[in-house]
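Participant: Below is one structure. I have some questions about it.
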Amino acid sequence: DVQGQYQAKRALEIAAAGGHNVLMVGVPGSGKTMLARRMPSILPELTKEEAIEITKIYSISGLLGKDTGLVTTRPFRSPHHTSSTVAMIGGGSIPRPGEVTLSHHGVLFLDELPEFGKSTLEVLRQPLEDGAVTVARVNATLTFPSRIILVVAMNPCPCGYFGDKEKSCDCTPNEIKRYTRKISGPLLDRIDIHLTVARLTPAQLRAQHSPGETSAHLRAQSEAARAIQLRRQGRANAELSGRALNQHLHAEADVLPLLDRAAERMHLSMRSYQRILKVARTIADLAGEPSIRTPHLAEALMYRQGNAS
């Protein structure tokens with residue numbers, strides 16, 4: 001379904017293979033939502049254990065029909081930007097799972113990211129870091145799983161057309177700054193892949209209207225890379241702790257000095273530093289390479305150039 005947008009499709013393939021979070025920035029009509037909605041089609045097939053976990057979540061949430069059996073497809077949740085913090089992470093007088101738990105082992109897609117309330121976005125930090133949500137009430141404290149891929153999309157400015165070649169932007173520099181600052185640095189820090197999605201003209205679409213890679217082909221590639229990760233470390237690269245990352249990194253000698261220089265130039269936090277290494281490890285896995293080499297790191301750095309934090 002997606003014509004052109006080769007870099008975006010490549011980035012989503014990497015995200016699917018390693019379980020990485022993605023930020024897409026682009027003007028209206030560039031295809032951000034379409035790309036996000038096709039993300040589940042390239043994710044690895046559910047394991048039996050994952051299917052059972054998802055089915056339990058949807059059962060206690062009252063979202064399974066009487067005749068519905070095991071859930072066999074990865075969840076894709078796209079809550080409205082008016083969603084409350086309780087709707088997002090769960091809670092209530094009788095605590096129930098929120099959107100991050102309903103997205104467990106799947107994709108949580110937040111469109112028009114700056115339109116979400118600040119408090120609603122900030123509560124995502126714990127589940128993104130820990131893979132779980134803890135809801136405390138007077139009588140009990142409950143923990144819900146939230147091992148998700150977060151995919152978010154936003155315009156580059158309030159009017160949406162900053163940097164567009166076809167339509168001029170009417171926003172002032174201060175308006176653009178206020179708009180982008182609605183997304184906090186700590187939240188951006190937890191998003192591994194920062195991607196600019198360009199709008200294609202009708203002429204470009206006609207020129208690129210040819211059969212591309214199918215979802216089945218990209219899914220096979222992501223499954224092969226994920227299988228490498230499970231054999232090596234028992235989990236997806238995005239889920240590695242700092243100690244486990246060091247243990248399973250396998251980088252060639254020139255890789256870390258190169259990243260050190262880039263980190264100094266880009267003012268990267270240690271979290272961003274580690275997330276770049278995780279993305280590079282996934283790129284190497286997609287290539288079937290046992291060690292991270294300079295080209296793998298260079299591609300991973302490319303996905304941080306625009307939004308280093």
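Residues in the structure tokens are numbered from 1 in each chain, the chains being A, B, ... in the order shown, and ligands are numbered from 1 in the order shown.
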Can you pull out every residue within 10 Å of range 51-66 of chain A, counting only C-alpha atoms, but drop anything in the same chain fewer than 5 positions away, and send it as a ChimeraX atom specification?

Facilitator: /A:45-46,71-75,96-98,101-106,144-145

Participant: Rounded to one decimal place, report the CA of Asp254 in chain A-CA of Gly242 in chain A distance in Å.

Facilitator: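 Taking CA of Asp254 in chain A as the start and CA of Gly242 in chain A as the end point, the length is 20.0 Å.
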
Participant: Name the residues in contact with Ala198 in chain A at a cut-off of 10 Å, using only C-alpha atoms, excluding same-chain residues fewer than 6 positions from it; report them as a PyMOL selection string.

Facilitator: chain A and resi 5+7-8+24-32+163-165

Participant: Return the single residue from A:Leu195, A:Leu128, A:Ala140, A:Ile183 that is closest to Leu12 in chain A, with distances computed using only C-alpha atoms.

Facilitator: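 Nearest candidate to Leu12 in chain A out of A:Leu195, A:Leu128, A:Ala140, A:Ile183: A:Leu195.
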
Participant: For Ile276 in chain A, which residue out of A:Met39, A:Ala136, A:Ile193, A:Ala216 is the nearest one, using only C-alpha atoms?

Facilitator: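 Closest residue, counting only C-alpha atoms: A:Ile193.
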
Participant: Given only C-alpha atoms as the basis, pick out the residue of A:Gln274, A:Thr33, A:Ser41, A:Ser78 nearest to Ile191 in chain A.

Facilitator: A:Gln274

Participant: Quick one: pick out all helix (DSSP H, G or I) residues within range 105-253 of chain A from a backbone DSSP run and write them as a PyMOL selection string.

Facilitator: chain A and resi 113-115+118-122+125-130+173-180+185-189+202-207+215-233+237-239+242-248

Participant: For Ala262 in chain A, which residue among A:Leu23, A:Thr82, A:Arg304, A:Arg137 is the nearest when counting only C-alpha atoms?

Facilitator: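 Of A:Leu23, A:Thr82, A:Arg304, A:Arg137, the one nearest Ala262 in chain A is A:Arg304, counting only C-alpha atoms.
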
Participant: Nearest to Pro295 in chain A among A:Ala220, A:Leu259, A:Leu150, A:Ile94, with distances taken over only C-alpha atoms: which residue is it?

Facilitator: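 Once distances to Pro295 in chain A are computed over only C-alpha atoms, the minimum belongs to A:Leu259.
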
Participant: Please identify all polymer residues within 9 Å of Arg125 in chain A, counting only C-alpha atoms, omitting same-chain residues fewer than 4 positions from it, and present them as a PyMOL selection string.

Facilitator: chain A and resi 121+129-130+186-187+190

Participant: Would you mind telling me which residue in A:Thr282, A:Ser269, A:Ser119, A:Thr143 lies nearest to Glu239 in chain A when using only C-alpha atoms?

Facilitator: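 The answer is A:Thr282, which sits nearest to Glu239 in chain A.
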